[in-house]
$ cat entry.txt   # compact mmCIF, N, CA and C atoms
# COMPACT_ATOMS: atom_id res chain seq x y z
N GLN L 1 0.84 -1.19 0.00
CA GLN L 1 0.00 0.00 0.00
C GLN L 1 0.88 1.24 0.00
N VAL L 2 0.52 2.20 -0.88
CA VAL L 2 1.24 3.46 -0.92
C VAL L 2 1.00 4.19 0.39
N PRO L 3 2.07 4.67 1.05
CA PRO L 3 1.88 5.33 2.34
C PRO L 3 0.96 6.55 2.27
N LEU L 4 1.16 7.36 1.25
CA LEU L 4 0.40 8.60 1.12
C LEU L 4 0.06 8.81 -0.35
N ALA L 5 -1.15 9.30 -0.62
CA ALA L 5 -1.56 9.56 -1.99
C ALA L 5 -2.32 10.87 -2.04
N GLU L 6 -1.74 11.84 -2.78
CA GLU L 6 -2.36 13.15 -2.90
C GLU L 6 -3.24 13.21 -4.15
N SER L 7 -4.28 14.03 -4.09
CA SER L 7 -5.15 14.23 -5.24
C SER L 7 -5.85 15.58 -5.12
N GLY L 8 -6.48 16.00 -6.21
CA GLY L 8 -7.28 17.21 -6.18
C GLY L 8 -6.68 18.42 -6.85
N GLY L 9 -5.46 18.30 -7.34
CA GLY L 9 -4.84 19.43 -8.00
C GLY L 9 -5.47 19.69 -9.36
N GLY L 10 -5.03 20.79 -9.98
CA GLY L 10 -5.55 21.14 -11.29
C GLY L 10 -5.19 22.55 -11.67
N LEU L 11 -5.81 23.01 -12.75
CA LEU L 11 -5.61 24.36 -13.26
C LEU L 11 -6.79 25.23 -12.80
N VAL L 12 -6.48 26.36 -12.19
CA VAL L 12 -7.52 27.24 -11.69
C VAL L 12 -7.12 28.68 -11.95
N GLN L 13 -8.10 29.53 -12.14
CA GLN L 13 -7.82 30.95 -12.36
C GLN L 13 -7.52 31.65 -11.04
N PRO L 14 -6.79 32.74 -11.09
CA PRO L 14 -6.55 33.52 -9.87
C PRO L 14 -7.87 33.87 -9.19
N GLY L 15 -7.88 33.74 -7.88
CA GLY L 15 -9.10 33.97 -7.12
C GLY L 15 -9.96 32.73 -6.93
N GLY L 16 -9.62 31.67 -7.62
CA GLY L 16 -10.39 30.44 -7.54
C GLY L 16 -10.03 29.60 -6.33
N SER L 17 -10.67 28.44 -6.24
CA SER L 17 -10.48 27.54 -5.10
C SER L 17 -10.22 26.11 -5.57
N LEU L 18 -9.51 25.39 -4.74
CA LEU L 18 -9.30 23.96 -4.92
C LEU L 18 -9.27 23.30 -3.55
N ARG L 19 -9.62 22.03 -3.53
CA ARG L 19 -9.52 21.24 -2.31
C ARG L 19 -8.66 20.02 -2.59
N LEU L 20 -7.53 19.96 -1.91
CA LEU L 20 -6.64 18.82 -2.04
C LEU L 20 -6.96 17.78 -0.97
N SER L 21 -6.75 16.52 -1.33
CA SER L 21 -6.94 15.42 -0.40
C SER L 21 -5.69 14.57 -0.35
N CYS L 22 -5.45 13.98 0.79
CA CYS L 22 -4.33 13.07 0.95
C CYS L 22 -4.80 11.91 1.82
N THR L 23 -4.80 10.73 1.24
CA THR L 23 -5.19 9.54 1.97
C THR L 23 -3.94 8.77 2.36
N ALA L 24 -3.87 8.42 3.63
CA ALA L 24 -2.67 7.76 4.14
C ALA L 24 -3.01 6.37 4.65
N SER L 25 -1.98 5.55 4.72
CA SER L 25 -2.17 4.26 5.36
C SER L 25 -2.37 4.47 6.86
N LEU L 26 -3.03 3.52 7.49
CA LEU L 26 -3.30 3.64 8.92
C LEU L 26 -2.01 3.79 9.71
N ALA L 27 -1.00 3.06 9.32
CA ALA L 27 0.27 3.10 10.05
C ALA L 27 0.89 4.49 10.01
N VAL L 28 0.70 5.20 8.92
CA VAL L 28 1.26 6.55 8.80
C VAL L 28 0.38 7.56 9.50
N PHE L 29 -0.91 7.41 9.33
CA PHE L 29 -1.85 8.47 9.73
C PHE L 29 -2.13 8.50 11.22
N ARG L 30 -2.35 7.35 11.79
CA ARG L 30 -2.81 7.29 13.18
C ARG L 30 -1.75 7.83 14.14
N GLY L 31 -2.15 8.83 14.90
CA GLY L 31 -1.26 9.40 15.90
C GLY L 31 -0.28 10.42 15.36
N SER L 32 -0.31 10.67 14.05
CA SER L 32 0.68 11.56 13.45
C SER L 32 0.16 12.97 13.25
N ILE L 33 1.06 13.92 13.43
CA ILE L 33 0.81 15.26 12.93
C ILE L 33 0.97 15.19 11.42
N MET L 34 -0.04 15.64 10.68
CA MET L 34 0.02 15.60 9.22
C MET L 34 0.19 17.01 8.69
N ALA L 35 0.82 17.12 7.54
CA ALA L 35 1.11 18.44 6.99
C ALA L 35 1.08 18.43 5.47
N TRP L 36 0.93 19.62 4.94
CA TRP L 36 1.06 19.85 3.51
C TRP L 36 2.31 20.68 3.26
N TYR L 37 2.98 20.36 2.18
CA TYR L 37 4.16 21.08 1.72
C TYR L 37 3.96 21.36 0.25
N ARG L 38 4.78 22.26 -0.29
CA ARG L 38 4.71 22.53 -1.73
C ARG L 38 6.09 22.88 -2.26
N GLN L 39 6.24 22.64 -3.55
CA GLN L 39 7.50 22.97 -4.22
C GLN L 39 7.18 23.62 -5.54
N ALA L 40 7.55 24.88 -5.65
CA ALA L 40 7.38 25.62 -6.89
C ALA L 40 8.58 25.39 -7.79
N PRO L 41 8.41 25.59 -9.10
CA PRO L 41 9.52 25.38 -10.03
C PRO L 41 10.74 26.21 -9.63
N GLY L 42 11.88 25.55 -9.54
CA GLY L 42 13.13 26.24 -9.23
C GLY L 42 13.31 26.62 -7.78
N LYS L 43 12.39 26.20 -6.93
CA LYS L 43 12.47 26.56 -5.51
C LYS L 43 12.51 25.31 -4.64
N GLU L 44 12.92 25.50 -3.40
CA GLU L 44 12.94 24.39 -2.47
C GLU L 44 11.52 24.11 -1.96
N ARG L 45 11.34 22.89 -1.51
CA ARG L 45 10.06 22.53 -0.93
C ARG L 45 9.85 23.30 0.37
N GLU L 46 8.63 23.75 0.59
CA GLU L 46 8.34 24.56 1.77
C GLU L 46 7.09 24.07 2.48
N PHE L 47 7.05 24.35 3.76
CA PHE L 47 5.91 24.00 4.62
C PHE L 47 4.72 24.89 4.28
N VAL L 48 3.53 24.30 4.27
CA VAL L 48 2.31 25.06 4.03
C VAL L 48 1.41 25.08 5.28
N ALA L 49 1.10 23.90 5.82
CA ALA L 49 0.20 23.84 6.97
C ALA L 49 0.32 22.47 7.62
N ARG L 50 0.01 22.42 8.91
CA ARG L 50 0.01 21.15 9.63
C ARG L 50 -1.18 21.08 10.57
N ILE L 51 -1.52 19.84 10.98
CA ILE L 51 -2.65 19.65 11.88
C ILE L 51 -2.36 18.50 12.81
N GLY L 52 -2.68 18.67 14.08
CA GLY L 52 -2.42 17.67 15.09
C GLY L 52 -3.38 16.50 15.00
N TRP L 53 -3.07 15.46 15.79
CA TRP L 53 -3.85 14.22 15.71
C TRP L 53 -5.14 14.32 16.48
N ARG L 54 -5.10 14.58 17.76
CA ARG L 54 -6.32 14.54 18.59
C ARG L 54 -7.01 15.89 18.69
N THR L 55 -6.24 16.92 18.99
CA THR L 55 -6.86 18.24 19.20
C THR L 55 -7.18 18.93 17.89
N GLY L 56 -6.52 18.52 16.84
CA GLY L 56 -6.74 19.17 15.55
C GLY L 56 -6.17 20.58 15.49
N ASP L 57 -5.25 20.89 16.40
CA ASP L 57 -4.65 22.23 16.35
C ASP L 57 -3.86 22.37 15.05
N THR L 58 -3.89 23.56 14.50
CA THR L 58 -3.30 23.80 13.20
C THR L 58 -2.27 24.92 13.23
N SER L 59 -1.42 24.90 12.24
CA SER L 59 -0.46 25.96 12.02
C SER L 59 -0.32 26.15 10.52
N THR L 60 -0.28 27.41 10.09
CA THR L 60 -0.28 27.71 8.67
C THR L 60 0.82 28.71 8.34
N ALA L 61 1.47 28.52 7.22
CA ALA L 61 2.52 29.44 6.79
C ALA L 61 1.92 30.83 6.55
N ASP L 62 2.71 31.84 6.83
CA ASP L 62 2.24 33.22 6.67
C ASP L 62 1.78 33.50 5.24
N SER L 63 2.43 32.87 4.28
CA SER L 63 2.13 33.15 2.87
C SER L 63 0.73 32.70 2.47
N VAL L 64 0.13 31.79 3.23
CA VAL L 64 -1.20 31.29 2.88
C VAL L 64 -2.22 31.52 3.98
N LYS L 65 -1.81 32.15 5.04
CA LYS L 65 -2.70 32.37 6.18
C LYS L 65 -3.92 33.17 5.75
N GLY L 66 -5.09 32.70 6.19
CA GLY L 66 -6.34 33.37 5.83
C GLY L 66 -6.92 32.90 4.52
N ARG L 67 -6.15 32.15 3.74
CA ARG L 67 -6.63 31.64 2.45
C ARG L 67 -6.71 30.11 2.43
N PHE L 68 -5.79 29.45 3.09
CA PHE L 68 -5.73 27.98 3.09
C PHE L 68 -6.16 27.46 4.46
N THR L 69 -6.88 26.35 4.45
CA THR L 69 -7.32 25.71 5.69
C THR L 69 -7.03 24.21 5.62
N ILE L 70 -6.33 23.72 6.62
CA ILE L 70 -6.05 22.29 6.69
C ILE L 70 -7.04 21.64 7.64
N SER L 71 -7.46 20.43 7.30
CA SER L 71 -8.36 19.67 8.16
C SER L 71 -8.07 18.19 7.98
N ARG L 72 -8.64 17.37 8.86
CA ARG L 72 -8.40 15.94 8.74
C ARG L 72 -9.65 15.18 9.17
N ASP L 73 -9.80 13.99 8.60
CA ASP L 73 -10.86 13.06 8.98
C ASP L 73 -10.18 11.79 9.45
N ASN L 74 -10.12 11.61 10.75
CA ASN L 74 -9.39 10.48 11.31
C ASN L 74 -10.07 9.15 11.02
N ASP L 75 -11.34 9.16 10.71
CA ASP L 75 -12.03 7.91 10.36
C ASP L 75 -11.69 7.46 8.95
N LYS L 76 -11.30 8.41 8.10
CA LYS L 76 -10.98 8.11 6.71
C LYS L 76 -9.48 8.16 6.42
N ASN L 77 -8.68 8.39 7.46
CA ASN L 77 -7.22 8.51 7.27
C ASN L 77 -6.89 9.52 6.18
N THR L 78 -7.58 10.63 6.19
CA THR L 78 -7.44 11.61 5.12
C THR L 78 -7.22 13.00 5.70
N VAL L 79 -6.32 13.73 5.07
CA VAL L 79 -6.09 15.13 5.43
C VAL L 79 -6.41 15.96 4.19
N TYR L 80 -6.97 17.14 4.41
CA TYR L 80 -7.42 18.00 3.33
C TYR L 80 -6.71 19.35 3.40
N LEU L 81 -6.67 20.02 2.26
CA LEU L 81 -6.20 21.39 2.21
C LEU L 81 -7.18 22.17 1.33
N GLN L 82 -7.99 23.00 1.97
CA GLN L 82 -8.91 23.87 1.24
C GLN L 82 -8.16 25.15 0.90
N MET L 83 -8.07 25.44 -0.39
CA MET L 83 -7.32 26.59 -0.85
C MET L 83 -8.26 27.57 -1.53
N ASN L 84 -8.39 28.75 -0.96
CA ASN L 84 -9.25 29.78 -1.51
C ASN L 84 -8.43 30.99 -1.94
N ASN L 85 -9.03 31.81 -2.79
CA ASN L 85 -8.36 33.02 -3.27
C ASN L 85 -6.95 32.71 -3.77
N LEU L 86 -6.86 31.72 -4.62
CA LEU L 86 -5.55 31.28 -5.11
C LEU L 86 -4.87 32.35 -5.94
N LYS L 87 -3.55 32.39 -5.82
CA LYS L 87 -2.73 33.36 -6.52
C LYS L 87 -1.74 32.64 -7.42
N PRO L 88 -1.24 33.29 -8.45
CA PRO L 88 -0.25 32.65 -9.33
C PRO L 88 0.96 32.12 -8.55
N GLU L 89 1.34 32.79 -7.49
CA GLU L 89 2.49 32.33 -6.71
C GLU L 89 2.21 31.08 -5.89
N ASP L 90 0.95 30.62 -5.88
CA ASP L 90 0.62 29.35 -5.25
C ASP L 90 0.88 28.16 -6.17
N THR L 91 1.23 28.43 -7.42
CA THR L 91 1.52 27.36 -8.36
C THR L 91 2.70 26.54 -7.87
N ALA L 92 2.47 25.24 -7.73
CA ALA L 92 3.48 24.34 -7.19
C ALA L 92 2.95 22.91 -7.22
N VAL L 93 3.84 21.98 -6.95
CA VAL L 93 3.42 20.61 -6.65
C VAL L 93 3.21 20.53 -5.14
N TYR L 94 2.07 20.05 -4.74
CA TYR L 94 1.70 19.97 -3.33
C TYR L 94 1.83 18.53 -2.85
N PHE L 95 2.47 18.39 -1.70
CA PHE L 95 2.73 17.08 -1.11
C PHE L 95 2.15 17.03 0.30
N CYS L 96 1.74 15.86 0.71
CA CYS L 96 1.45 15.68 2.12
C CYS L 96 2.49 14.74 2.72
N ASN L 97 2.65 14.86 4.01
CA ASN L 97 3.62 14.06 4.74
C ASN L 97 3.33 14.26 6.21
N THR L 98 4.06 13.57 7.03
CA THR L 98 3.98 13.82 8.45
C THR L 98 4.71 15.13 8.76
N HIS L 99 4.61 15.56 10.02
CA HIS L 99 5.37 16.74 10.44
C HIS L 99 6.07 16.42 11.74
N PRO L 100 7.41 16.42 11.74
CA PRO L 100 8.27 16.73 10.60
C PRO L 100 8.18 15.65 9.54
N PRO L 101 8.57 15.99 8.32
CA PRO L 101 8.39 15.04 7.21
C PRO L 101 9.35 13.85 7.30
N ALA L 102 8.86 12.71 6.83
CA ALA L 102 9.68 11.51 6.76
C ALA L 102 10.07 11.27 5.31
N ARG L 103 11.35 11.07 5.10
CA ARG L 103 11.85 10.95 3.73
C ARG L 103 11.14 9.84 2.96
N GLN L 104 10.84 8.75 3.62
CA GLN L 104 10.27 7.60 2.92
C GLN L 104 8.81 7.81 2.53
N PHE L 105 8.21 8.89 3.00
CA PHE L 105 6.79 9.11 2.71
C PHE L 105 6.54 10.11 1.59
N TRP L 106 7.60 10.72 1.05
CA TRP L 106 7.37 11.66 -0.05
C TRP L 106 6.80 10.91 -1.24
N GLY L 107 5.66 11.40 -1.75
CA GLY L 107 5.04 10.80 -2.92
C GLY L 107 5.24 11.68 -4.14
N ARG L 108 4.35 11.50 -5.11
CA ARG L 108 4.46 12.25 -6.36
C ARG L 108 3.84 13.63 -6.24
N GLY L 109 2.99 13.82 -5.26
CA GLY L 109 2.33 15.11 -5.10
C GLY L 109 1.22 15.32 -6.11
N THR L 110 0.62 16.49 -6.04
CA THR L 110 -0.43 16.86 -6.98
C THR L 110 -0.17 18.29 -7.45
N GLN L 111 -0.22 18.49 -8.75
CA GLN L 111 0.13 19.78 -9.36
C GLN L 111 -1.03 20.76 -9.23
N VAL L 112 -0.71 21.95 -8.74
CA VAL L 112 -1.67 23.05 -8.70
C VAL L 112 -1.10 24.17 -9.55
N THR L 113 -1.87 24.60 -10.53
CA THR L 113 -1.45 25.69 -11.41
C THR L 113 -2.49 26.78 -11.37
N VAL L 114 -2.05 27.97 -11.01
CA VAL L 114 -2.95 29.12 -10.93
C VAL L 114 -2.57 30.08 -12.05
N SER L 115 -3.45 30.18 -13.01
CA SER L 115 -3.14 30.99 -14.19
C SER L 115 -4.42 31.39 -14.89
N SER L 116 -4.38 32.58 -15.48
CA SER L 116 -5.53 33.04 -16.26
C SER L 116 -5.34 32.67 -17.73
$ encode --input "entry.txt" --output "structure tokens"
Amino acid sequence: QVPLAESGGGLVQPGGSLRLSCTASLAVFRGSIMAWYRQAPGKEREFVARIGWRTGDTSTADSVKGRFTISRDNDKNTVYLQMNNLKPEDTAVYFCNTHPPARQFWGRGTQVTVSS
């Protein structure tokens, strides 16, 4: 079983919205802080948002604060990233992983392109 599988990316116009999903294996998901990261062309991968296991406390990067919301469904082993008011600078491949990230869990990610 693939540890983590991201989906939901696509092409969207500036100001639009997307909802990303990441389904994890039980071994990865249960008890873990889960997070979203992204990597834009020519740039290093960066942290976007994270969410705790039981309390659901969240932390979001300043660059997306107020626009992106992370959530999780512990019954479905799934973490979500609701992205609103998307900007061209949000264009990147989005990955989910634990927090801190584990090298063996990096997947292929899902491409988000914001362009008119």
$ residues_around --input "entry.txt" --residues "Val93 of chain L" --least-positions-apart "6" --cutoff "5 Å" --atoms "only N, CA and C atoms" --output "PyMOL selection string"
chain L and resi 38-40+110-112
$ residues_around --input "entry.txt" --residues "segment 83-91 of chain L" --least-positions-apart "5" --cutoff "7 Å" --atoms "only C-alpha atoms" --output "PyMOL selection string"
chain L and resi 14-19+40+67-69+112-115
$ write_last_selection --input "entry.txt" --atoms "N, CA and C atoms" --output "compact mmCIF listing (two decimals), in the frame of the given file"
# COMPACT_ATOMS: atom_id res chain seq x y z
N PRO L 14 -6.79 32.74 -11.09
CA PRO L 14 -6.55 33.52 -9.87
C PRO L 14 -7.87 33.87 -9.19
N GLY L 15 -7.88 33.74 -7.88
CA GLY L 15 -9.10 33.97 -7.12
C GLY L 15 -9.96 32.73 -6.93
N GLY L 16 -9.62 31.67 -7.62
CA GLY L 16 -10.39 30.44 -7.54
C GLY L 16 -10.03 29.60 -6.33
N SER L 17 -10.67 28.44 -6.24
CA SER L 17 -10.48 27.54 -5.10
C SER L 17 -10.22 26.11 -5.57
N LEU L 18 -9.51 25.39 -4.74
CA LEU L 18 -9.30 23.96 -4.92
C LEU L 18 -9.27 23.30 -3.55
N ARG L 19 -9.62 22.03 -3.53
CA ARG L 19 -9.52 21.24 -2.31
C ARG L 19 -8.66 20.02 -2.59
N ALA L 40 7.55 24.88 -5.65
CA ALA L 40 7.38 25.62 -6.89
C ALA L 40 8.58 25.39 -7.79
N ARG L 67 -6.15 32.15 3.74
CA ARG L 67 -6.63 31.64 2.45
C ARG L 67 -6.71 30.11 2.43
N PHE L 68 -5.79 29.45 3.09
CA PHE L 68 -5.73 27.98 3.09
C PHE L 68 -6.16 27.46 4.46
N THR L 69 -6.88 26.35 4.45
CA THR L 69 -7.32 25.71 5.69
C THR L 69 -7.03 24.21 5.62
N VAL L 112 -0.71 21.95 -8.74
CA VAL L 112 -1.67 23.05 -8.70
C VAL L 112 -1.10 24.17 -9.55
N THR L 113 -1.87 24.60 -10.53
CA THR L 113 -1.45 25.69 -11.41
C THR L 113 -2.49 26.78 -11.37
N VAL L 114 -2.05 27.97 -11.01
CA VAL L 114 -2.95 29.12 -10.93
C VAL L 114 -2.57 30.08 -12.05
N SER L 115 -3.45 30.18 -13.01
CA SER L 115 -3.14 30.99 -14.19
C SER L 115 -4.42 31.39 -14.89
$ atom_distance --input "entry.txt" --atom1 "atom N of Lys65 of chain L" --atom2 "atom N of Phe95 of chain L"
15.9 Å
$ select_by_dssp --input "entry.txt" --residues "chain L" --states "strand (DSSP E or B)" --output "PyMOL selection string"
chain L and resi 4-7+10-12+18-24+34-39+46-51+58-60+68-73+78-83+92-98+110-114
$ residues_near_point --input "entry.txt" --point "(-5.9, 9.4, 7.2)" --cutoff "6 Å" --atoms "only N, CA and C atoms" --output "PyMOL selection string"
chain L and resi 23-24+29+73-74+76-79
$ atom_distance --input "entry.txt" --atom1 "atom N of Gly109 of chain L" --atom2 "atom CA of Tyr80 of chain L"
14.1 Å
$ residues_around --input "entry.txt" --residues "segment 53-62 of chain L" --least-positions-apart "3" --cutoff "6 Å" --atoms "all atoms listed in the file" --output "list in words"
Gly31, Ser32, Ile33, Met34, Phe47, Val48, Ala49, Arg50 and Lys65 of chain L
$ atom_distance --input "entry.txt" --atom1 "atom CA of Gly66 of chain L" --atom2 "atom CA of Glu46 of chain L"
17.6 Å
$ select_by_dssp --input "entry.txt" --residues "segment 12-89 of chain L" --states "helix (DSSP H, G or I)" --output "PyMOL selection string"
chain L and resi 26-29+88-89
$ write_last_selection --input "entry.txt" --atoms "N, CA and C atoms" --output "short mmCIF file (atom, residue, chain, number, x, y, z; two decimals), in the coordinates of the input"
data_model
loop_
_atom_site.label_atom_id
_atom_site.label_comp_id
_atom_site.auth_asym_id
_atom_site.auth_seq_id
_atom_site.Cartn_x
_atom_site.Cartn_y
_atom_site.Cartn_z
N LEU L 26 -3.03 3.52 7.49
CA LEU L 26 -3.30 3.64 8.92
C LEU L 26 -2.01 3.79 9.71
N ALA L 27 -1.00 3.06 9.32
CA ALA L 27 0.27 3.10 10.05
C ALA L 27 0.89 4.49 10.01
N VAL L 28 0.70 5.20 8.92
CA VAL L 28 1.26 6.55 8.80
C VAL L 28 0.38 7.56 9.50
N PHE L 29 -0.91 7.41 9.33
CA PHE L 29 -1.85 8.47 9.73
C PHE L 29 -2.13 8.50 11.22
N PRO L 88 -1.24 33.29 -8.45
CA PRO L 88 -0.25 32.65 -9.33
C PRO L 88 0.96 32.12 -8.55
N GLU L 89 1.34 32.79 -7.49
CA GLU L 89 2.49 32.33 -6.71
C GLU L 89 2.21 31.08 -5.89
#
$ closest_residue --input "entry.txt" --among "L:Gln13, L:Leu81, L:Ala35, L:Pro3" --to "Pro101 of chain L" --atoms "all atoms listed in the file"
L:Ala35
